[in-house]
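Reproduced below: coords.txt, with compact mmCIF, C-alpha atoms.
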```txt
# COMPACT_ATOMS: atom_id res chain seq x y z
CA MET A 1 78.83 -66.42 9.36
CA HIS A 2 75.59 -67.39 11.06
CA LEU A 3 72.76 -68.35 8.68
CA PRO A 4 69.19 -68.02 9.90
CA THR A 5 67.14 -71.15 9.91
CA GLY A 6 63.50 -72.17 9.95
CA ASP A 7 60.78 -69.50 10.09
CA THR A 8 63.36 -66.77 10.65
CA ALA A 9 65.13 -67.59 7.37
CA VAL A 10 61.90 -67.52 5.40
CA ALA A 11 60.86 -64.21 6.92
CA ASP A 12 64.24 -62.60 6.18
CA LEU A 13 64.20 -63.88 2.62
CA ALA A 14 60.69 -62.51 1.98
CA GLU A 15 61.71 -59.13 3.39
CA ARG A 16 64.80 -59.01 1.15
CA VAL A 17 62.71 -59.87 -1.95
CA ALA A 18 60.25 -57.08 -1.10
CA GLU A 19 63.13 -54.60 -0.76
CA LEU A 20 64.53 -55.60 -4.13
CA GLU A 21 61.12 -55.24 -5.83
CA HIS A 22 60.67 -51.78 -4.32
CA GLU A 23 64.16 -50.73 -5.49
CA LEU A 24 63.49 -51.93 -9.05
CA LYS A 25 60.16 -50.03 -9.20
CA SER A 26 61.82 -46.85 -7.91
CA ARG A 27 64.52 -47.06 -10.58
CA LYS A 28 61.92 -47.59 -13.32
CA VAL A 29 59.91 -44.55 -12.23
CA ALA A 30 63.07 -42.43 -12.05
CA ASP A 31 64.06 -43.49 -15.58
CA GLU A 32 60.62 -42.61 -17.01
CA LYS A 33 60.20 -39.31 -15.14
CA PRO A 34 60.78 -36.23 -17.40
CA SER A 35 63.82 -34.11 -16.64
CA SER A 36 63.23 -31.02 -14.47
CA GLY A 37 66.10 -29.20 -16.13
CA THR A 38 66.03 -26.59 -18.87
CA SER A 39 64.06 -26.95 -22.13
CA SER A 40 67.33 -27.59 -23.95
CA GLU A 41 67.79 -30.92 -22.12
CA ARG A 42 66.59 -33.88 -24.14
CA MET A 43 63.77 -36.04 -22.84
CA PRO A 44 64.60 -39.73 -22.25
CA ALA A 45 64.02 -41.86 -25.33
CA ALA A 46 61.48 -43.99 -23.45
CA VAL A 47 59.07 -40.99 -23.11
CA TRP A 48 59.03 -39.66 -26.69
CA SER A 49 57.69 -41.58 -29.68
CA ASP A 50 57.51 -40.57 -33.33
CA ASP A 51 53.78 -40.14 -34.08
CA SER A 52 54.48 -38.80 -37.57
CA ILE A 53 54.40 -42.37 -38.92
CA LYS A 54 50.75 -42.87 -37.86
CA LYS A 55 48.53 -42.92 -40.94
CA TRP A 56 45.07 -41.36 -41.35
CA THR A 57 42.23 -42.39 -39.07
CA VAL A 58 39.06 -41.42 -40.94
CA LYS A 59 35.51 -40.94 -39.66
CA LEU A 60 32.54 -40.53 -42.02
CA GLY A 61 29.59 -38.31 -41.16
CA GLY A 62 26.53 -36.63 -42.55
CA HIS A 63 23.95 -33.98 -41.94
CA VAL A 64 20.24 -33.66 -42.81
CA GLN A 65 17.97 -30.68 -42.13
CA LEU A 66 14.34 -30.75 -43.28
CA ASP A 67 12.51 -27.39 -43.18
CA TYR A 68 8.87 -26.35 -43.49
CA ILE A 69 8.21 -22.60 -43.78
CA ASN A 70 4.75 -21.03 -43.60
CA TRP A 71 4.13 -17.36 -44.46
CA ALA A 72 1.31 -17.05 -41.95
CA ASP A 73 0.79 -13.35 -42.62
CA ALA A 74 2.77 -11.78 -45.47
CA ASP A 75 2.47 -8.01 -45.85
CA SER A 76 0.47 -7.06 -48.95
CA ALA A 77 3.31 -4.86 -50.19
CA ILE A 78 5.55 -7.94 -50.39
CA THR A 79 3.00 -10.14 -52.15
CA GLY A 80 1.86 -7.41 -54.59
CA PRO A 81 2.60 -7.23 -58.34
CA ALA A 82 5.95 -5.53 -57.78
CA ALA A 83 7.21 -8.33 -55.56
CA ALA A 84 9.41 -11.13 -56.78
CA PRO A 85 8.17 -14.69 -56.14
CA GLY A 86 9.07 -16.01 -52.75
CA THR A 87 6.32 -15.54 -50.14
CA LYS A 88 4.77 -18.95 -50.76
CA ASP A 89 4.99 -21.71 -48.19
CA TYR A 90 7.67 -24.27 -48.92
CA VAL A 91 9.28 -27.48 -47.75
CA GLU A 92 12.92 -28.27 -48.52
CA LEU A 93 15.99 -30.19 -47.51
CA ARG A 94 17.82 -27.17 -46.15
CA ARG A 95 21.03 -29.11 -45.75
CA LEU A 96 21.90 -32.53 -47.11
CA ARG A 97 25.60 -33.19 -46.65
CA LEU A 98 28.24 -35.88 -46.43
CA ALA A 99 31.52 -35.38 -44.63
CA ALA A 100 34.79 -37.12 -43.88
CA ASN A 101 37.06 -36.14 -40.99
CA GLY A 102 40.48 -37.52 -40.28
CA THR A 103 43.52 -37.25 -38.04
CA GLY A 104 46.98 -38.65 -38.61
CA TYR A 105 50.74 -38.22 -38.99
CA GLY A 106 51.05 -36.86 -35.47
CA GLN A 107 49.95 -33.24 -36.00
CA PHE A 108 47.48 -33.23 -38.88
CA ASP A 109 43.73 -33.28 -39.36
CA PHE A 110 41.48 -32.79 -42.39
CA ARG A 111 37.82 -32.28 -43.23
CA LEU A 112 35.93 -32.66 -46.51
CA GLN A 113 32.23 -31.76 -46.58
CA MET A 114 30.12 -31.88 -49.74
CA THR A 115 26.62 -30.47 -50.02
CA LEU A 116 23.90 -32.14 -52.08
CA GLU A 117 21.03 -29.72 -51.45
CA PRO A 118 19.74 -27.57 -54.35
CA GLU A 119 20.69 -23.93 -54.64
CA THR A 120 18.46 -21.08 -53.50
CA VAL A 121 15.45 -20.71 -55.81
CA GLY A 122 15.63 -17.74 -58.16
CA GLU A 123 19.32 -16.95 -57.61
CA ASN A 124 21.49 -19.84 -58.73
CA ASP A 125 19.12 -22.00 -60.76
CA ASN A 126 21.84 -22.60 -63.35
CA VAL A 127 24.31 -23.90 -60.77
CA THR A 128 24.16 -27.60 -60.06
CA SER A 129 25.04 -29.47 -56.89
CA PRO A 130 27.16 -30.78 -55.33
CA GLY A 131 28.94 -27.86 -53.74
CA ILE A 132 32.07 -27.85 -51.63
CA LYS A 133 31.74 -26.56 -48.08
CA ASP A 134 34.73 -27.68 -46.02
CA ALA A 135 37.89 -28.89 -47.74
CA TYR A 136 40.95 -28.21 -45.60
CA LEU A 137 44.06 -29.59 -43.94
CA SER A 138 45.30 -28.43 -40.53
CA MET A 139 48.67 -28.81 -38.83
CA ASN A 140 48.42 -28.48 -35.04
CA ASP A 141 50.71 -27.66 -32.11
CA ILE A 142 53.27 -25.74 -34.13
CA PRO A 143 55.71 -23.94 -31.77
CA TRP A 144 54.79 -20.24 -31.44
CA LEU A 145 52.19 -20.43 -34.24
CA GLY A 146 49.67 -22.93 -32.89
CA ARG A 147 47.40 -24.32 -35.63
CA PHE A 148 47.88 -23.73 -39.37
CA ARG A 149 45.04 -24.39 -41.84
CA ILE A 150 44.82 -24.26 -45.63
CA GLY A 151 41.87 -24.95 -47.93
CA ASN A 152 38.20 -23.96 -47.93
CA PHE A 153 36.74 -23.15 -44.49
CA PHE A 154 35.04 -20.47 -42.40
CA VAL A 155 36.71 -17.07 -42.43
CA PRO A 156 37.58 -16.52 -38.73
CA PHE A 157 35.32 -13.58 -37.91
CA SER A 158 32.21 -13.40 -35.64
CA LEU A 159 31.18 -15.83 -32.90
CA GLU A 160 27.86 -16.68 -34.53
CA GLN A 161 29.41 -17.25 -37.96
CA VAL A 162 32.10 -19.71 -36.82
CA THR A 163 29.61 -21.68 -34.69
CA ASN A 164 28.45 -24.57 -36.86
CA ASP A 165 24.81 -24.54 -37.97
CA THR A 166 24.21 -27.87 -36.19
CA MET A 167 25.07 -26.08 -32.95
CA GLY A 168 23.20 -22.79 -33.46
CA THR A 169 20.10 -21.82 -31.53
CA PHE A 170 17.88 -20.63 -34.43
CA LEU A 171 17.06 -21.99 -37.89
CA GLU A 172 19.25 -19.37 -39.56
CA ARG A 173 21.98 -17.02 -38.39
CA SER A 174 20.96 -13.44 -37.60
CA ILE A 175 20.45 -10.72 -40.23
CA PRO A 176 23.85 -8.97 -40.02
CA THR A 177 25.87 -12.18 -39.93
CA GLN A 178 25.86 -14.66 -42.78
CA GLY A 179 26.20 -13.13 -46.23
CA VAL A 180 26.07 -9.53 -44.98
CA PHE A 181 29.02 -8.48 -42.80
CA THR A 182 30.79 -11.80 -42.28
CA GLY A 183 32.67 -14.02 -44.68
CA GLU A 184 31.42 -17.54 -45.17
CA ARG A 185 33.57 -20.50 -46.22
CA GLU A 186 36.30 -19.30 -48.55
CA ILE A 187 39.64 -20.48 -49.94
CA GLY A 188 42.61 -19.32 -47.92
CA VAL A 189 45.00 -19.88 -45.03
CA ALA A 190 44.68 -19.11 -41.33
CA PHE A 191 46.51 -19.47 -38.01
CA TYR A 192 44.81 -20.23 -34.66
CA ASN A 193 46.43 -20.03 -31.25
CA ALA A 194 45.61 -19.78 -27.55
CA THR A 195 47.23 -19.37 -24.18
CA GLU A 196 47.92 -22.52 -22.16
CA ASP A 197 44.70 -22.14 -20.18
CA LYS A 198 42.78 -21.34 -23.43
CA ASN A 199 41.16 -18.28 -21.89
CA LEU A 200 42.71 -16.05 -24.56
CA THR A 201 42.64 -16.98 -28.26
CA TRP A 202 43.69 -15.20 -31.43
CA THR A 203 43.13 -16.03 -35.09
CA TYR A 204 44.14 -14.41 -38.37
CA GLY A 205 43.97 -15.37 -42.03
CA ALA A 206 44.02 -14.38 -45.70
CA PHE A 207 41.45 -15.54 -48.27
CA PHE A 208 40.37 -15.09 -51.86
CA ASP A 209 37.20 -13.00 -52.10
CA ASN A 210 33.88 -14.85 -52.43
CA ILE A 211 34.53 -17.80 -54.75
CA SER A 212 31.44 -19.90 -55.51
CA ASP A 213 30.89 -23.06 -53.41
CA SER A 214 30.03 -24.99 -56.56
CA LEU A 215 32.77 -23.77 -58.90
CA LYS A 216 35.62 -23.28 -56.42
CA GLU A 217 37.74 -21.60 -59.06
CA ARG A 218 38.27 -18.12 -60.46
CA ILE A 219 40.09 -17.46 -63.73
CA ASP A 220 40.89 -13.77 -63.48
CA ASP A 221 43.94 -11.56 -63.04
CA ASN A 222 42.09 -9.89 -60.16
CA GLN A 223 41.25 -12.49 -57.49
CA GLY A 224 40.15 -10.19 -54.68
CA LEU A 225 41.36 -10.47 -51.08
CA ARG A 226 40.00 -10.87 -47.56
CA LEU A 227 42.08 -10.36 -44.43
CA SER A 228 40.56 -11.30 -41.09
CA GLY A 229 41.54 -11.23 -37.44
CA ARG A 230 39.71 -12.26 -34.26
CA VAL A 231 40.60 -12.14 -30.56
CA THR A 232 38.55 -13.67 -27.73
CA TRP A 233 38.91 -13.58 -23.96
CA LEU A 234 37.21 -15.38 -21.09
CA PRO A 235 37.33 -13.04 -18.07
CA TYR A 236 35.38 -15.70 -16.16
CA TYR A 237 35.16 -19.46 -16.70
CA ASP A 238 34.01 -21.88 -14.02
CA GLU A 239 36.43 -24.81 -14.25
CA GLU A 240 34.64 -27.06 -11.77
CA SER A 241 31.43 -27.09 -13.84
CA ASN A 242 33.28 -27.25 -17.20
CA GLY A 243 31.96 -23.89 -18.32
CA ARG A 244 28.39 -24.00 -17.02
CA TYR A 245 29.12 -20.42 -15.95
CA LEU A 246 31.23 -18.20 -18.19
CA VAL A 247 31.65 -14.75 -19.72
CA HIS A 248 32.98 -14.47 -23.29
CA LEU A 249 34.29 -11.28 -24.90
CA GLY A 250 35.62 -10.91 -28.43
CA ALA A 251 36.49 -8.49 -31.20
CA GLY A 252 37.36 -8.86 -34.86
CA VAL A 253 38.16 -7.07 -38.09
CA LEU A 254 37.52 -8.11 -41.69
CA TYR A 255 39.06 -6.23 -44.61
CA THR A 256 37.80 -6.97 -48.13
CA ASP A 257 39.48 -5.81 -51.34
CA ASP A 258 36.57 -6.65 -53.59
CA GLN A 259 37.25 -8.78 -56.66
CA ASP A 260 34.89 -6.93 -59.04
CA ASN A 261 34.53 -3.60 -57.16
CA LYS A 262 30.88 -4.41 -56.43
CA VAL A 263 29.52 -4.55 -52.88
CA ARG A 264 26.00 -5.53 -51.85
CA PHE A 265 24.18 -5.78 -48.50
CA ARG A 266 20.83 -7.60 -48.43
CA ALA A 267 18.84 -9.92 -46.19
CA ARG A 268 15.82 -12.22 -46.00
CA PRO A 269 13.56 -12.67 -42.95
CA GLN A 270 15.91 -15.32 -41.48
CA VAL A 271 14.77 -18.21 -43.64
CA HIS A 272 16.60 -19.81 -46.56
CA GLU A 273 14.09 -19.02 -49.33
CA GLY A 274 12.04 -15.88 -49.87
CA PRO A 275 12.29 -12.26 -50.98
CA ARG A 276 15.04 -9.94 -49.83
CA LEU A 277 13.31 -7.38 -47.61
CA ILE A 278 16.26 -5.00 -47.58
CA ASP A 279 18.81 -4.55 -50.36
CA SER A 280 21.47 -1.92 -50.95
CA GLY A 281 21.70 -2.87 -54.61
CA SER A 282 25.09 -3.20 -56.26
CA LEU A 283 27.42 -0.49 -54.93
CA ASP A 284 30.58 0.52 -56.78
CA ALA A 285 33.26 0.24 -54.11
CA SER A 286 36.95 -0.62 -54.08
CA HIS A 287 37.08 -2.10 -50.57
CA LEU A 288 35.38 -2.20 -47.19
CA THR A 289 36.47 -2.73 -43.59
CA THR A 290 34.16 -4.27 -41.01
CA GLY A 291 34.69 -4.42 -37.26
CA ASN A 292 32.68 -6.28 -34.65
CA VAL A 293 32.48 -6.94 -30.92
CA GLU A 294 31.18 -10.11 -29.25
CA LEU A 295 29.55 -10.82 -25.90
CA ALA A 296 28.24 -14.11 -24.55
CA VAL A 297 27.26 -15.07 -21.01
CA VAL A 298 26.33 -18.60 -19.98
CA TRP A 299 24.86 -18.74 -16.50
CA GLY A 300 23.55 -22.21 -15.90
CA PRO A 301 20.52 -22.79 -18.15
CA VAL A 302 20.48 -19.15 -19.33
CA THR A 303 22.56 -17.87 -22.26
CA VAL A 304 22.80 -14.32 -23.56
CA GLN A 305 24.70 -13.72 -26.81
CA SER A 306 25.14 -10.51 -28.80
CA GLU A 307 27.31 -8.96 -31.51
CA ALA A 308 27.51 -5.54 -33.16
CA PHE A 309 28.96 -4.81 -36.62
CA LEU A 310 30.08 -1.59 -38.28
CA SER A 311 31.34 -1.46 -41.87
CA ARG A 312 32.99 1.42 -43.72
CA VAL A 313 32.56 1.13 -47.49
CA ASN A 314 34.94 3.00 -49.79
CA LEU A 315 32.54 4.04 -52.57
CA LEU A 316 34.11 4.94 -55.91
CA ALA A 317 31.70 7.68 -56.90
CA SER A 318 31.10 9.39 -53.55
CA ASP A 319 32.30 9.72 -49.97
CA PRO A 320 32.67 6.52 -47.91
CA ALA A 321 29.45 5.11 -46.46
CA THR A 322 28.95 3.52 -43.05
CA VAL A 323 26.46 0.69 -42.52
CA GLY A 324 25.92 -1.48 -39.48
CA GLY A 325 23.88 -4.03 -37.65
CA ALA A 326 23.53 -6.04 -34.48
CA TYR A 327 21.74 -8.94 -32.85
CA ALA A 328 21.03 -10.14 -29.33
CA HIS A 329 19.45 -13.37 -28.23
CA LEU A 330 18.40 -15.07 -25.02
CA SER A 331 17.89 -18.80 -24.49
CA TYR A 332 16.80 -20.83 -21.47
CA PHE A 333 16.88 -24.60 -20.95
CA LEU A 334 13.64 -25.55 -19.23
CA THR A 335 15.15 -28.96 -18.39
CA GLY A 336 18.25 -27.54 -16.69
CA GLU A 337 21.00 -28.07 -19.26
CA ASN A 338 23.44 -25.32 -20.23
CA ARG A 339 24.72 -24.27 -23.63
CA MET A 340 28.05 -25.96 -24.36
CA TYR A 341 31.13 -23.88 -25.15
CA ASP A 342 34.52 -24.87 -26.58
CA ARG A 343 37.39 -22.57 -25.58
CA PHE A 344 39.55 -23.62 -28.52
CA GLY A 345 37.47 -25.61 -30.97
CA GLN A 346 37.56 -26.31 -34.68
CA HIS A 347 37.35 -22.59 -35.52
CA GLY A 348 38.69 -21.13 -32.29
CA ALA A 349 36.41 -20.03 -29.45
CA GLN A 350 32.87 -21.14 -30.34
CA PHE A 351 29.71 -22.77 -29.05
CA THR A 352 29.47 -26.50 -29.56
CA ARG A 353 26.99 -29.38 -29.40
CA ASN A 354 24.37 -29.25 -26.64
CA VAL A 355 23.91 -32.45 -24.61
CA PRO A 356 20.58 -33.35 -22.94
CA LYS A 357 20.68 -34.72 -19.41
CA THR A 358 18.38 -37.47 -20.65
CA ASN A 359 17.87 -38.37 -24.32
CA PHE A 360 14.40 -38.70 -25.80
CA PHE A 361 13.18 -42.30 -25.97
CA LEU A 362 9.88 -44.12 -25.63
CA THR A 363 9.76 -47.84 -24.87
CA THR A 364 7.57 -50.26 -22.91
CA ASP A 365 10.15 -50.10 -20.12
CA GLY A 366 10.28 -46.33 -19.78
CA CYS A 367 10.73 -42.99 -21.49
CA GLY A 368 12.95 -39.92 -21.61
CA TRP A 369 11.96 -36.44 -22.73
CA GLY A 370 15.21 -34.98 -23.97
CA ALA A 371 16.02 -31.29 -23.46
CA TRP A 372 13.76 -28.27 -24.06
CA GLU A 373 15.14 -24.81 -24.83
CA ALA A 374 13.11 -21.57 -25.08
CA LYS A 375 14.62 -18.75 -27.13
CA ALA A 376 14.14 -15.16 -28.35
CA ARG A 377 16.20 -12.96 -30.68
CA TRP A 378 16.29 -9.44 -32.09
CA SER A 379 18.29 -8.70 -35.27
CA TYR A 380 18.94 -5.33 -36.88
CA LEU A 381 20.42 -4.00 -40.12
CA ASN A 382 20.86 -0.29 -40.91
CA LEU A 383 21.51 0.76 -44.53
CA SER A 384 20.34 4.37 -44.13
CA ASP A 385 23.71 5.73 -45.22
CA VAL A 386 23.13 4.21 -48.67
CA SER A 387 19.44 5.27 -48.65
CA GLN A 388 17.97 1.81 -48.10
CA GLY A 389 16.44 2.14 -44.66
CA GLU A 390 16.39 -0.19 -41.66
CA TYR A 391 15.29 -3.73 -40.99
CA ASN A 392 14.35 -5.23 -37.59
CA ASP A 393 13.57 -8.90 -37.12
CA PHE A 394 12.08 -10.50 -34.00
CA THR A 395 12.10 -14.26 -33.45
CA VAL A 396 10.84 -16.44 -30.61
CA GLY A 397 10.66 -20.20 -30.47
CA MET A 398 11.53 -23.52 -28.91
CA ASN A 399 14.08 -26.30 -29.50
CA TRP A 400 13.50 -29.92 -28.53
CA TYR A 401 16.72 -31.96 -28.31
CA TRP A 402 16.21 -35.71 -28.70
CA SER A 403 19.95 -36.23 -28.26
CA ASP A 404 23.15 -34.28 -28.85
CA ARG A 405 22.72 -34.93 -32.60
CA THR A 406 18.96 -34.85 -33.17
CA ARG A 407 16.53 -31.99 -32.56
CA ILE A 408 13.30 -30.30 -33.66
CA MET A 409 13.28 -26.49 -33.94
CA PHE A 410 10.32 -24.07 -33.99
CA ASP A 411 10.71 -20.35 -34.88
CA TRP A 412 8.09 -17.61 -35.12
CA ILE A 413 9.65 -14.81 -37.18
CA HIS A 414 8.36 -11.23 -37.34
CA PRO A 415 10.23 -9.00 -39.86
CA VAL A 416 9.64 -5.22 -39.77
CA THR A 417 11.05 -2.85 -42.42
CA SER A 418 11.17 0.94 -42.67
CA SER A 419 9.78 3.07 -45.49
CA GLN A 420 13.11 3.31 -47.37
CA THR A 421 13.46 -0.43 -47.94
CA ILE A 422 12.51 -2.29 -51.14
CA PHE A 423 8.83 -2.79 -50.31
CA GLY A 424 8.48 0.18 -47.96
CA ALA A 425 7.23 -0.14 -44.38
CA THR A 426 6.11 -3.74 -43.90
CA LYS A 427 5.26 -6.25 -41.17
CA SER A 428 4.92 -9.98 -41.70
CA ASN A 429 4.75 -13.21 -39.72
CA LEU A 430 6.35 -16.53 -40.56
CA LEU A 431 6.21 -19.92 -38.86
CA ALA A 432 9.25 -22.13 -39.38
CA MET A 433 10.03 -25.70 -38.32
CA ARG A 434 13.12 -27.86 -38.78
CA PHE A 435 13.96 -31.52 -38.16
CA ASP A 436 17.74 -31.73 -37.78
CA PHE A 437 19.93 -34.80 -37.35
CA ASN A 438 23.57 -35.59 -38.01
CA TRP A 439 26.05 -38.35 -37.38
```
Represent the supplied structure as structure tokens.
Amino acid sequence: MHLPTGDTAVADLAERVAELEHELKSRKVADEKPSSGTSSERMPAAVWSDDSIKKWTVKLGGHVQLDYINWADADSAITGPAAAPGTKDYVELRRLRLAANGTGYGQFDFRLQMTLEPETVGENDNVTSPGIKDAYLSMNDIPWLGRFRIGNFFVPFSLEQVTNDTMGTFLERSIPTQGVFTGEREIGVAFYNATEDKNLTWTYGAFFDNISDSLKERIDDNQGLRLSGRVTWLPYYDEESNGRYLVHLGAGVLYTDDQDNKVRFRARPQVHEGPRLIDSGSLDASHLTTGNVELAVVWGPVTVQSEAFLSRVNLLASDPATVGGAYAHLSYFLTGENRMYDRFGQHGAQFTRNVPKTNFFLTTDGCGWGAWEAKARWSYLNLSDVSQGEYNDFTVGMNWYWSDRTRIMFDWIHPVTSSQTIFGATKSNLLAMRFDFNW
């Protein structure tokens, strides 16, 4: 056998080493590559690891909202002798909360949020803080079922309701949403799921009816029941821009078997404190069923969002009554941002935290002006079928985002009521401001 010598031997040896290295790398990649066979074939042991042994990773957070509300022009009918206190200017910590979030054991997450703010003046003066807002455990990525959740959390119904208040556009949710046609945070179980591309989502759950945030217990043979379902669809979502352009559609149903056979619809002028300008009073009813439809369009800096609600109330002493409401709002980022949307977020399809292109800062080396958002909204509630008239509310304002977690909000609120409401036909004007930050 002839052996190469000199430079030829070195060159041949180097070539052979390179071939061996390439062969070893190819074998390693082939061993790690998932099988292309049927789902019944087991993945190689090198690919799969048991994440169920990973303990909790916990993140602490908090939330502060400071409000100042000025009744710039309260209708004389509201401030007269027959009116309950509530049209005075006020300052308050609207929300003062501490939270802990965690993930662990492969599939699980939890959230605990406690509120330290005082209760609404004149309604729950005998109830002391703290209250429990979120207190739940979720198990994710369950085959066929998706996400399972148990505890105290938002009833999955209505786009505006399941969008967290730190991510909303106005100081308060619209008239027909919170505390009127939608459920708030309640004790129960729910399932959340979505298609692989997350353009279609569906959620359903069962809850106990309206247990106090502070007490979180009910000692009674009759607990009451809520059943909810929600479906959303994105007929258009621009993947390249991560949802800067999208169209959202949704529908939901909420059935309530009332715990004490008492149903009430009432609303303030979209601030936390103040008189109820429309109130059905306590209605004797065994149950009610509410349906809604959702529409949202994000087109660059412009967002349009709207929902309509219709509720059929099974009155005990008379024929069923039908009440309803709706809202529509428009917002526009003067600085070019777009409203952020999560296709399958904490509560399903929802809007999420807005992010300025440049945060607000002011130093000797430079400055940034954050993001500016103009906004307008119309809200409507119709209780004519229970002889309590109609309520329209118009709001315009501006939001100034210092960062994704700090903002200042300004709302001018103009409530208008019909002659059948509590104080008759009224018109008022309120100025509202909020400083909002969270971590």
Quick one: residues within 6 Å of region 172-179 of chain A, only C-alpha atoms, excluding same-chain residues fewer than 5 positions away - as a compact mmCIF listing (two decimals) with C-alpha atoms, in the frame of the given file?
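Wrote selection-v1.txt, looks like this:
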```
# COMPACT_ATOMS: atom_id res chain seq x y z
CA GLN A 270 15.91 -15.32 -41.48
CA GLY A 325 23.88 -4.03 -37.65
CA SER A 379 18.29 -8.70 -35.27
```
Using all atoms listed in the file, can you list as a VMD selection string the residues within 6 Å of (34.1, -24.1, -38.0)?
chain A and resid 154 162 164 346 to 347
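When only C-alpha atoms are used to compute distances to Asp89 (chain A), the closest of the residues A:Gly151, A:Gly183, A:Gly274, A:Pro143 turns out to be A:Gly274.
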Nearest residue to Gln388 (chain A) out of A:Ala267, A:Leu112, A:Ala349, A:Leu137, using all atoms listed in the file?
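For Gln388 (chain A), the nearest of the candidates is A:Ala267.
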So that I can see what lies close to Glu117 (chain A), please list as a PyMOL selection string the residues with an atom at most 9 Å from it, counting all atoms listed in the file and leaving out residues fewer than 3 positions away in the same chain.
chain A and resi 92-97+129-131
For Leu381 (chain A): contacts at 12 Å, all atoms listed in the file, fewer than 6 positions along chain excluded, given as a PDB file with C-alpha atoms, in the coordinates of the input:
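Contents of part-v1.pdb, freshly written:
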```
ATOM      1  CA  SER A 174      20.960 -13.440 -37.600  1.00  0.00           C
ATOM      2  CA  ILE A 175      20.450 -10.720 -40.230  1.00  0.00           C
ATOM      3  CA  PRO A 176      23.850  -8.970 -40.020  1.00  0.00           C
ATOM      4  CA  THR A 177      25.870 -12.180 -39.930  1.00  0.00           C
ATOM      5  CA  VAL A 180      26.070  -9.530 -44.980  1.00  0.00           C
ATOM      6  CA  PHE A 181      29.020  -8.480 -42.800  1.00  0.00           C
ATOM      7  CA  PHE A 265      24.180  -5.780 -48.500  1.00  0.00           C
ATOM      8  CA  ARG A 266      20.830  -7.600 -48.430  1.00  0.00           C
ATOM      9  CA  ALA A 267      18.840  -9.920 -46.190  1.00  0.00           C
ATOM     10  CA  ARG A 268      15.820 -12.220 -46.000  1.00  0.00           C
ATOM     11  CA  PRO A 269      13.560 -12.670 -42.950  1.00  0.00           C
ATOM     12  CA  LEU A 277      13.310  -7.380 -47.610  1.00  0.00           C
ATOM     13  CA  ILE A 278      16.260  -5.000 -47.580  1.00  0.00           C
ATOM     14  CA  ASP A 279      18.810  -4.550 -50.360  1.00  0.00           C
ATOM     15  CA  SER A 280      21.470  -1.920 -50.950  1.00  0.00           C
ATOM     16  CA  ALA A 308      27.510  -5.540 -33.160  1.00  0.00           C
ATOM     17  CA  PHE A 309      28.960  -4.810 -36.620  1.00  0.00           C
ATOM     18  CA  LEU A 310      30.080  -1.590 -38.280  1.00  0.00           C
ATOM     19  CA  SER A 311      31.340  -1.460 -41.870  1.00  0.00           C
ATOM     20  CA  THR A 322      28.950   3.520 -43.050  1.00  0.00           C
ATOM     21  CA  VAL A 323      26.460   0.690 -42.520  1.00  0.00           C
ATOM     22  CA  GLY A 324      25.920  -1.480 -39.480  1.00  0.00           C
ATOM     23  CA  GLY A 325      23.880  -4.030 -37.650  1.00  0.00           C
ATOM     24  CA  ALA A 326      23.530  -6.040 -34.480  1.00  0.00           C
ATOM     25  CA  TYR A 327      21.740  -8.940 -32.850  1.00  0.00           C
ATOM     26  CA  GLN A 388      17.970   1.810 -48.100  1.00  0.00           C
ATOM     27  CA  GLY A 389      16.440   2.140 -44.660  1.00  0.00           C
ATOM     28  CA  GLU A 390      16.390  -0.190 -41.660  1.00  0.00           C
ATOM     29  CA  TYR A 391      15.290  -3.730 -40.990  1.00  0.00           C
ATOM     30  CA  ASN A 392      14.350  -5.230 -37.590  1.00  0.00           C
ATOM     31  CA  ASP A 393      13.570  -8.900 -37.120  1.00  0.00           C
ATOM     32  CA  PRO A 415      10.230  -9.000 -39.860  1.00  0.00           C
ATOM     33  CA  VAL A 416       9.640  -5.220 -39.770  1.00  0.00           C
ATOM     34  CA  THR A 417      11.050  -2.850 -42.420  1.00  0.00           C
ATOM     35  CA  SER A 418      11.170   0.940 -42.670  1.00  0.00           C
ATOM     36  CA  THR A 421      13.460  -0.430 -47.940  1.00  0.00           C
TER      37      THR A 421
END
```
Computed gap from CA of Phe207 (chain A) to CA of Leu316 (chain A) is 23.1 Å
Pick the closest to Ile78 (chain A) from A:Lys133, A:Lys262, A:Lys55, A:Arg276: which is it, counting all atoms listed in the file?
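Comparing A:Lys133, A:Lys262, A:Lys55, A:Arg276 against Ile78 (chain A), the winner is A:Arg276.
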Skipping near chain neighbours, those fewer than 3 positions away, what residues fall within 9 Å of region 229-239 of chain A using only C-alpha atoms, listed as a PyMOL selection string? chain A and resi 156-158+198-205+242-254+294+343+348-349
**OP:** Go through A:Lys88, A:Lys357, A:Arg111, A:Arg218 one by one, measure the shortest atom-to-atom distance of each to Leu334 (chain A) using all atoms listed in the file, and give the residue with the smallest value.
**Re:**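 Of A:Lys88, A:Lys357, A:Arg111, A:Arg218, the one nearest Leu334 (chain A), counting all atoms listed in the file, is A:Lys357.
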Env of Gly224 (chain A): 7 Å cut, atoms = all atoms listed in the file, seq-sep filter 3 positions within chain, self excluded. Answer as a PDB file with C-alpha atoms, in the coordinates of the input.
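And here's result_21.pdb as it stands now:
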```pdb
ATOM      1  CA  PHE A 208      40.370 -15.090 -51.860  1.00  0.00           C
ATOM      2  CA  ASP A 209      37.200 -13.000 -52.100  1.00  0.00           C
ATOM      3  CA  ASP A 257      39.480  -5.810 -51.340  1.00  0.00           C
ATOM      4  CA  ASP A 258      36.570  -6.650 -53.590  1.00  0.00           C
ATOM      5  CA  GLN A 259      37.250  -8.780 -56.660  1.00  0.00           C
TER       6      GLN A 259
END
```
